[in-house]
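Following: one structure in structure tokens, then a few remarks.
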Amino acid sequence: MKRDPSIIIIGAGVAGIATAVTLQKAGFTGFTILEKGSDVGGVWHWNRYPGLTCDVPSHIYQFSFAPKPDWKRVFATGPEIQQYHRDVVEKFGLEAHLRLGTEVVSTVFDGASWTVTTAAGEVLAADFVIVATGLLHHPSTPDIPGLGTFDGPVVHTARWDDALETAGKRIGVIGSGSTGVQVFSALQREASRITQFARTPQWVLWAPMTLPQPRLVSRALRAAPRVNDALHQSLLWGSAILVDIVTKPTWRRRLVQRYARVSLQAQVRDDALRSTLTPDYQPLCKRQVISGSYYRSLKAENAELVTADIAEVTPTGIRTADGRDHPLDVIVLATGFQAHNYMRPMELLGRDGLSIDEAWAQGPRAYRMTAIPGFPNLFTVLGPNSPTGSISLQYSAELTARYITQWLERFRDGDLDTVEVTEDATARFNEQVAEALGPTVWNTGCNSWYFNEAGSIDLWPFDRRTMTEMLGRPDERDFLIRTTTPAD
Ligand code: N01
């Protein structure tokens, strides 16, 4: 007996789109994508701050099933990437499956299937739930005394207000991660004065972020899809070097670290400023910041770097611990995300009423990024331990979706009704992860959003080949499989 499972995908970002297209290609029709936002694209919808640019070359940052030969730049801008996601949704006819502005507030398993409730009170049933809600979603607002008393606008980069006037203003940017560096460089050009409040200096690798992709190249790649595909594949395999440098302490890592130091030395000649900008941890330890303009912006007449701690926000600006007042018109919070409340605040109750908060009391934990003990017929795509900056997100999401599809096919064939990963297999996987994290550069003594509440690093510490093997054919021994319907 064949049956078409009902599947709810939560989220229409990179992970949700990759999942939907993969299911579609495998012949599934009964899937619905519920997206909280008013548009698809995930982080590319929510993040619209000035200067937003993908710091990964665009020919890697694309789905294998939707090649784009004609990126305008080698490192595409946020709006171009967002448009790409809209185009992919249209090309594959996903609109028919997509419900925007639909926030899921509760997902409950009743022993056989899932009941999903939306913020509008609608109740939906599903045989499977695939959570593709992303890691960097909830903005982290710093707990700085007086922040609410500021007279001017305070905006978080992940919730940018398009109507905000910044030209000619005195702007304070709090934060110096990938976002802080991009937004600071972009706003500096038109600000009357701009101050960056940097609690921890970052290594910033120089790269030609505004390099256009020549039209001739676009035309040639469009005319020769096979060459374009070969370029994509070679970049994916070539990016294996990125995994290598972060996971193993070799000369290759040291070479890139040397390049980070040279990037700083070559661009900042002033000894005092260079010393202030020099981190006390190894390059690559935090998510590597990449920019072609940051140091130049920082040295501009209207710019200042402040490393003194912020004591408080006053109605007219920011007061630092050294007693200095910094008068401001606008405060920009580039203070990152609450990266580890993945899937929350959604109420998620699995088998026997187990809540995700209980299951993850020690931080997010899954089997091979996708399955959680106690939560049958539920999978995550780009879930816990997903790679950041080392293996292509699109590759990881498509691979995971194909892995999940194999379980869905077995359900379709009447071969199983519920499937749940075992606690043992999950524990084994997490032990392997912990061991592999040992020699990684993330573990060399810096503080970053990679660490969860329990002090574990929430990243993928293996190479792409291992990922491909782990998410190849599911190993039945790692799962509890229940069948109530006899297969014919
Ligand atoms: O966030 P972050 P982000 N007082 O957490 C500081 C991706 N991304 O939005 O280092 C003062 O990295 C904090 O200081 P410290 C990418 O994966 C990709 O910049 O904790 N400062 C830090 O400087 C990236 O890693 C692209 O001491 C406070 C900053 O705020 C991830 O998003 C572009 C503070 C937060 O840095 C997150 O980057 C942009 C406080 N109370 C982002 N609280 C691409 O191009 C925090 N900070 C693909």
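How things are named: the first chain in the structure tokens is A, the next is B, and so on; residues count from 1 in each chain; ligands count from 1 in the order shown.
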Close residues, stretch 181-185 of chain A itself excluded, 9 Å, only C-alpha atoms, min 4 positions apart in chain, as a list of chain:residue names: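 Counting only the stated atoms, we get A:Tyr49, A:Pro50, A:Gly51, A:Leu52, A:Thr53, A:Thr157, A:Gly172, A:Val173, A:Gly175, A:Ser176, A:Gly177, A:Arg189, A:Ile194, A:Thr195, A:Gln196, A:Val204, A:Val289, A:Ile290, A:Ser291, A:Ser293, A:Tyr294, A:Tyr295, A:Arg296, A:Ser297, A:Leu298, A:Val332, A:Ala334.
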Would you write out, as a tab-separated table, a table of all residues in stretch 377-446 of chain A that have an atom no more than 9 Å from an atom of stretch 95-117 of chain A, listing for each the closest atom pair and the distance in Å to one decimal, considering only C-alpha atoms and ordering rows by chain and rising residue number?
residue	atom	partner	partner_atom	distance
A:Asn377	CA	A:Ser113	CA	7.7
A:Leu378	CA	A:Trp114	CA	8.8
A:Asp417	CA	A:Ala112	CA	7.5
A:Thr418	CA	A:Ala112	CA	6.9
Writing out the chosen residues with all heavy atoms as a short mmCIF file (atom, residue, chain, number, x, y, z; two decimals), in the first residue's frame:
data_model
loop_
_atom_site.label_atom_id
_atom_site.label_comp_id
_atom_site.auth_asym_id
_atom_site.auth_seq_id
_atom_site.Cartn_x
_atom_site.Cartn_y
_atom_site.Cartn_z
N ASN A 377 9.46 10.69 14.13
CA ASN A 377 8.92 11.32 12.90
C ASN A 377 9.16 12.83 12.86
O ASN A 377 8.37 13.58 12.28
CB ASN A 377 7.43 11.02 12.72
CG ASN A 377 7.19 9.57 12.39
OD1 ASN A 377 8.09 8.74 12.54
ND2 ASN A 377 5.99 9.25 11.93
N LEU A 378 10.22 13.25 13.52
CA LEU A 378 10.60 14.67 13.47
C LEU A 378 12.09 14.73 13.13
O LEU A 378 12.89 13.98 13.69
CB LEU A 378 10.33 15.35 14.80
CG LEU A 378 10.71 16.84 14.86
CD1 LEU A 378 9.59 17.66 15.52
CD2 LEU A 378 12.01 17.07 15.60
N ASP A 417 5.72 3.09 10.50
CA ASP A 417 4.78 4.15 10.87
C ASP A 417 5.48 5.26 11.65
O ASP A 417 5.22 6.43 11.45
CB ASP A 417 3.63 3.59 11.69
CG ASP A 417 2.69 2.80 10.81
OD1 ASP A 417 2.31 3.32 9.75
OD2 ASP A 417 2.38 1.64 11.15
N THR A 418 6.37 4.82 12.54
CA THR A 418 7.16 5.85 13.24
C THR A 418 8.63 5.42 13.27
O THR A 418 8.95 4.23 13.30
CB THR A 418 6.68 6.09 14.69
OG1 THR A 418 6.88 4.91 15.44
CG2 THR A 418 5.23 6.55 14.75
#
Any residue with an atom at most 8 Å from ligand 1 counts, using only C-alpha atoms and all ligand atoms. Which are they? Put them as a PyMOL selection string. chain A and resi 52-56+136+140-144+157-158+174-182+197-202+286-290+309-310+333-337+388-389+447-449
Tell me, as a PDB file with all heavy atoms, in the first residue's frame, which residues lie within 7 Å of stretch 382-384 of chain A, counting only C-alpha atoms; anything in the same chain fewer than 3 positions away does not count.
ATOM      1  N   ALA A  15      17.420  26.069   4.541  1.00  0.00           N
ATOM      2  CA  ALA A  15      17.130  24.674   4.908  1.00  0.00           C
ATOM      3  C   ALA A  15      15.739  24.257   4.442  1.00  0.00           C
ATOM      4  O   ALA A  15      15.553  23.152   3.913  1.00  0.00           O
ATOM      5  CB  ALA A  15      17.256  24.503   6.422  1.00  0.00           C
ATOM      6  N   ALA A 132      13.156  23.428  10.095  1.00  0.00           N
ATOM      7  CA  ALA A 132      14.215  24.113   9.336  1.00  0.00           C
ATOM      8  C   ALA A 132      14.230  25.575   9.768  1.00  0.00           C
ATOM      9  O   ALA A 132      14.174  26.478   8.946  1.00  0.00           O
ATOM     10  CB  ALA A 132      13.935  23.970   7.842  1.00  0.00           C
ATOM     11  N   GLY A 134      16.510  27.327  11.469  1.00  0.00           N
ATOM     12  CA  GLY A 134      17.745  28.120  11.477  1.00  0.00           C
ATOM     13  C   GLY A 134      18.275  28.389  12.870  1.00  0.00           C
ATOM     14  O   GLY A 134      17.563  28.329  13.870  1.00  0.00           O
ATOM     15  N   PRO A 364      21.402  22.197  22.768  1.00  0.00           N
ATOM     16  CA  PRO A 364      20.922  21.411  21.644  1.00  0.00           C
ATOM     17  C   PRO A 364      21.811  20.197  21.373  1.00  0.00           C
ATOM     18  O   PRO A 364      23.029  20.285  21.424  1.00  0.00           O
ATOM     19  CB  PRO A 364      20.979  22.394  20.469  1.00  0.00           C
ATOM     20  CG  PRO A 364      20.879  23.729  21.096  1.00  0.00           C
ATOM     21  CD  PRO A 364      21.559  23.627  22.418  1.00  0.00           C
ATOM     22  N   ARG A 365      21.153  19.071  21.097  1.00  0.00           N
ATOM     23  CA  ARG A 365      21.884  17.811  20.920  1.00  0.00           C
ATOM     24  C   ARG A 365      21.048  16.935  19.988  1.00  0.00           C
ATOM     25  O   ARG A 365      19.850  16.758  20.215  1.00  0.00           O
ATOM     26  CB  ARG A 365      22.001  17.189  22.307  1.00  0.00           C
ATOM     27  CG  ARG A 365      22.587  15.822  22.385  1.00  0.00           C
ATOM     28  CD  ARG A 365      22.686  15.466  23.875  1.00  0.00           C
ATOM     29  NE  ARG A 365      23.138  14.111  24.057  1.00  0.00           N
ATOM     30  CZ  ARG A 365      22.349  13.061  24.082  1.00  0.00           C
ATOM     31  NH1 ARG A 365      21.050  13.193  23.916  1.00  0.00           N
ATOM     32  NH2 ARG A 365      22.851  11.846  24.262  1.00  0.00           N
ATOM     33  N   ALA A 366      21.700  16.450  18.946  1.00  0.00           N
ATOM     34  CA  ALA A 366      20.973  15.616  17.988  1.00  0.00           C
ATOM     35  C   ALA A 366      21.901  14.546  17.451  1.00  0.00           C
ATOM     36  O   ALA A 366      23.092  14.508  17.787  1.00  0.00           O
ATOM     37  CB  ALA A 366      20.443  16.471  16.839  1.00  0.00           C
ATOM     38  N   MET A 369      23.022  15.845  13.192  1.00  0.00           N
ATOM     39  CA  MET A 369      22.378  17.121  12.874  1.00  0.00           C
ATOM     40  C   MET A 369      20.867  17.018  12.668  1.00  0.00           C
ATOM     41  O   MET A 369      20.217  18.027  12.431  1.00  0.00           O
ATOM     42  CB  MET A 369      22.939  17.779  11.596  1.00  0.00           C
ATOM     43  CG  MET A 369      24.419  17.999  11.575  1.00  0.00           C
ATOM     44  SD  MET A 369      24.920  18.907  10.102  1.00  0.00           S
ATOM     45  CE  MET A 369      24.809  17.669   8.840  1.00  0.00           C
ATOM     46  N   THR A 370      20.277  15.810  12.712  1.00  0.00           N
ATOM     47  CA  THR A 370      18.916  15.716  12.183  1.00  0.00           C
ATOM     48  C   THR A 370      17.881  14.968  13.018  1.00  0.00           C
ATOM     49  O   THR A 370      16.686  15.166  12.810  1.00  0.00           O
ATOM     50  CB  THR A 370      18.961  15.122  10.754  1.00  0.00           C
ATOM     51  OG1 THR A 370      17.682  15.241  10.167  1.00  0.00           O
ATOM     52  CG2 THR A 370      19.404  13.664  10.732  1.00  0.00           C
ATOM     53  N   ALA A 397      22.333  20.958   3.798  1.00  0.00           N
ATOM     54  CA  ALA A 397      20.865  20.910   3.879  1.00  0.00           C
ATOM     55  C   ALA A 397      20.303  19.913   2.868  1.00  0.00           C
ATOM     56  O   ALA A 397      19.422  19.113   3.197  1.00  0.00           O
ATOM     57  CB  ALA A 397      20.284  22.299   3.627  1.00  0.00           C
ATOM     58  N   ASP A 458      28.999  23.936  19.300  1.00  0.00           N
ATOM     59  CA  ASP A 458      27.898  23.437  18.474  1.00  0.00           C
ATOM     60  C   ASP A 458      28.246  23.590  16.992  1.00  0.00           C
ATOM     61  O   ASP A 458      27.702  24.451  16.303  1.00  0.00           O
ATOM     62  CB  ASP A 458      26.633  24.239  18.843  1.00  0.00           C
ATOM     63  CG  ASP A 458      25.395  23.629  18.240  1.00  0.00           C
ATOM     64  OD1 ASP A 458      25.519  22.695  17.442  1.00  0.00           O
ATOM     65  OD2 ASP A 458      24.292  24.106  18.566  1.00  0.00           O
TER      66      ASP A 458
END
I want to know what sits within 10 Å of A:Arg222, based on only C-alpha atoms, with residues of the same chain fewer than 3 positions away left out; could you give that as a PDB file with all heavy atoms, in the first residue's frame?
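This went into result.pdb:
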ATOM      1  N   PRO A  67      21.325  26.183 -10.181  1.00  0.00           N
ATOM      2  CA  PRO A  67      22.568  26.907 -10.459  1.00  0.00           C
ATOM      3  C   PRO A  67      22.295  28.329 -10.928  1.00  0.00           C
ATOM      4  O   PRO A  67      21.332  28.566 -11.656  1.00  0.00           O
ATOM      5  CB  PRO A  67      23.213  26.086 -11.577  1.00  0.00           C
ATOM      6  CG  PRO A  67      22.159  25.197 -12.115  1.00  0.00           C
ATOM      7  CD  PRO A  67      21.111  25.033 -11.075  1.00  0.00           C
ATOM      8  N   LYS A  68      23.124  29.227 -10.451  1.00  0.00           N
ATOM      9  CA  LYS A  68      22.991  30.627 -10.883  1.00  0.00           C
ATOM     10  C   LYS A  68      24.334  31.055 -11.456  1.00  0.00           C
ATOM     11  O   LYS A  68      25.279  31.314 -10.724  1.00  0.00           O
ATOM     12  CB  LYS A  68      22.590  31.508  -9.693  1.00  0.00           C
ATOM     13  CG  LYS A  68      22.400  32.967 -10.098  1.00  0.00           C
ATOM     14  CD  LYS A  68      21.762  33.772  -8.974  1.00  0.00           C
ATOM     15  CE  LYS A  68      21.898  35.268  -9.205  1.00  0.00           C
ATOM     16  NZ  LYS A  68      21.288  35.746 -10.449  1.00  0.00           N
ATOM     17  N   PRO A  69      24.436  31.101 -12.759  1.00  0.00           N
ATOM     18  CA  PRO A  69      25.730  31.416 -13.364  1.00  0.00           C
ATOM     19  C   PRO A  69      26.050  32.902 -13.347  1.00  0.00           C
ATOM     20  O   PRO A  69      27.207  33.275 -13.537  1.00  0.00           O
ATOM     21  CB  PRO A  69      25.563  30.935 -14.808  1.00  0.00           C
ATOM     22  CG  PRO A  69      24.094  30.862 -15.054  1.00  0.00           C
ATOM     23  CD  PRO A  69      23.398  30.755 -13.741  1.00  0.00           C
ATOM     24  N   ASP A  70      25.021  33.743 -13.123  1.00  0.00           N
ATOM     25  CA  ASP A  70      25.226  35.172 -13.378  1.00  0.00           C
ATOM     26  C   ASP A  70      25.116  36.057 -12.130  1.00  0.00           C
ATOM     27  O   ASP A  70      24.437  37.076 -12.138  1.00  0.00           O
ATOM     28  CB  ASP A  70      24.235  35.653 -14.441  1.00  0.00           C
ATOM     29  CG  ASP A  70      22.804  35.284 -14.078  1.00  0.00           C
ATOM     30  OD1 ASP A  70      22.604  34.658 -13.013  1.00  0.00           O
ATOM     31  OD2 ASP A  70      21.896  35.620 -14.851  1.00  0.00           O
ATOM     32  N   LEU A 216      31.010  38.902 -19.117  1.00  0.00           N
ATOM     33  CA  LEU A 216      31.477  37.882 -20.052  1.00  0.00           C
ATOM     34  C   LEU A 216      31.477  36.508 -19.367  1.00  0.00           C
ATOM     35  O   LEU A 216      31.079  35.497 -19.965  1.00  0.00           O
ATOM     36  CB  LEU A 216      32.896  38.256 -20.499  1.00  0.00           C
ATOM     37  CG  LEU A 216      33.362  37.682 -21.808  1.00  0.00           C
ATOM     38  CD1 LEU A 216      32.514  38.216 -22.958  1.00  0.00           C
ATOM     39  CD2 LEU A 216      34.844  38.030 -22.022  1.00  0.00           C
ATOM     40  N   VAL A 217      31.916  36.494 -18.121  1.00  0.00           N
ATOM     41  CA  VAL A 217      31.955  35.231 -17.367  1.00  0.00           C
ATOM     42  C   VAL A 217      30.523  34.724 -17.168  1.00  0.00           C
ATOM     43  O   VAL A 217      30.223  33.539 -17.384  1.00  0.00           O
ATOM     44  CB  VAL A 217      32.660  35.440 -16.003  1.00  0.00           C
ATOM     45  CG1 VAL A 217      32.535  34.208 -15.125  1.00  0.00           C
ATOM     46  CG2 VAL A 217      34.120  35.812 -16.211  1.00  0.00           C
ATOM     47  N   SER A 218      29.617  35.635 -16.781  1.00  0.00           N
ATOM     48  CA  SER A 218      28.221  35.234 -16.583  1.00  0.00           C
ATOM     49  C   SER A 218      27.649  34.639 -17.852  1.00  0.00           C
ATOM     50  O   SER A 218      26.988  33.601 -17.832  1.00  0.00           O
ATOM     51  CB  SER A 218      27.360  36.440 -16.186  1.00  0.00           C
ATOM     52  OG  SER A 218      27.828  36.966 -14.971  1.00  0.00           O
ATOM     53  N   ARG A 219      27.919  35.331 -18.970  1.00  0.00           N
ATOM     54  CA  ARG A 219      27.376  34.854 -20.246  1.00  0.00           C
ATOM     55  C   ARG A 219      27.942  33.470 -20.583  1.00  0.00           C
ATOM     56  O   ARG A 219      27.211  32.560 -20.978  1.00  0.00           O
ATOM     57  CB  ARG A 219      27.700  35.856 -21.356  1.00  0.00           C
ATOM     58  CG  ARG A 219      26.413  36.470 -21.916  1.00  0.00           C
ATOM     59  CD  ARG A 219      26.691  37.451 -23.022  1.00  0.00           C
ATOM     60  NE  ARG A 219      26.971  38.774 -22.490  1.00  0.00           N
ATOM     61  CZ  ARG A 219      27.887  39.613 -22.953  1.00  0.00           C
ATOM     62  NH1 ARG A 219      28.662  39.265 -23.941  1.00  0.00           N
ATOM     63  NH2 ARG A 219      28.049  40.800 -22.417  1.00  0.00           N
ATOM     64  N   PRO A 225      26.165  25.235 -19.174  1.00  0.00           N
ATOM     65  CA  PRO A 225      25.752  24.780 -17.832  1.00  0.00           C
ATOM     66  C   PRO A 225      26.690  23.741 -17.232  1.00  0.00           C
ATOM     67  O   PRO A 225      26.874  23.703 -16.017  1.00  0.00           O
ATOM     68  CB  PRO A 225      24.359  24.185 -18.067  1.00  0.00           C
ATOM     69  CG  PRO A 225      23.902  24.691 -19.392  1.00  0.00           C
ATOM     70  CD  PRO A 225      25.117  25.066 -20.186  1.00  0.00           C
ATOM     71  N   ARG A 226      27.286  22.927 -18.107  1.00  0.00           N
ATOM     72  CA  ARG A 226      28.185  21.892 -17.558  1.00  0.00           C
ATOM     73  C   ARG A 226      29.423  22.514 -16.939  1.00  0.00           C
ATOM     74  O   ARG A 226      29.930  22.039 -15.928  1.00  0.00           O
ATOM     75  CB  ARG A 226      28.621  20.935 -18.661  1.00  0.00           C
ATOM     76  CG  ARG A 226      27.534  19.969 -18.985  1.00  0.00           C
ATOM     77  CD  ARG A 226      28.095  18.846 -19.773  1.00  0.00           C
ATOM     78  NE  ARG A 226      26.993  17.997 -20.158  1.00  0.00           N
ATOM     79  CZ  ARG A 226      27.099  16.979 -20.960  1.00  0.00           C
ATOM     80  NH1 ARG A 226      28.274  16.674 -21.450  1.00  0.00           N
ATOM     81  NH2 ARG A 226      26.067  16.244 -21.262  1.00  0.00           N
ATOM     82  N   VAL A 227      29.914  23.568 -17.578  1.00  0.00           N
ATOM     83  CA  VAL A 227      31.092  24.258 -17.030  1.00  0.00           C
ATOM     84  C   VAL A 227      30.700  24.905 -15.701  1.00  0.00           C
ATOM     85  O   VAL A 227      31.427  24.849 -14.702  1.00  0.00           O
ATOM     86  CB  VAL A 227      31.612  25.324 -18.024  1.00  0.00           C
ATOM     87  CG1 VAL A 227      32.767  26.116 -17.428  1.00  0.00           C
ATOM     88  CG2 VAL A 227      32.024  24.665 -19.332  1.00  0.00           C
ATOM     89  N   ASN A 228      29.495  25.494 -15.681  1.00  0.00           N
ATOM     90  CA  ASN A 228      29.028  26.122 -14.447  1.00  0.00           C
ATOM     91  C   ASN A 228      28.925  25.088 -13.324  1.00  0.00           C
ATOM     92  O   ASN A 228      29.338  25.322 -12.190  1.00  0.00           O
ATOM     93  CB  ASN A 228      27.664  26.783 -14.699  1.00  0.00           C
ATOM     94  CG  ASN A 228      27.231  27.624 -13.532  1.00  0.00           C
ATOM     95  OD1 ASN A 228      27.996  28.464 -13.062  1.00  0.00           O
ATOM     96  ND2 ASN A 228      26.040  27.393 -13.036  1.00  0.00           N
TER      97      ASN A 228
END
Record the distance separating atom CA of A:Arg253 and atom CA of A:Asn430, expressed in Å with one decimal.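 Atom CA of A:Asn430 lies 25.1 Å from atom CA of A:Arg253.
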In stretch 145-262 of chain A, DSSP strand (DSSP E or B) residues written as a ChimeraX atom specification: /A:154-156,170-174,193-197,204-206,212
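Taking atom CA of A:Val419 as the reference point, atom CA of A:Gly13 is found at 25.5 Å.
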I need the residue nearest A:Gly11 from this list: A:His137, A:Arg159, A:His340, A:Arg482. Use only C-alpha atoms for the distance. A:His137
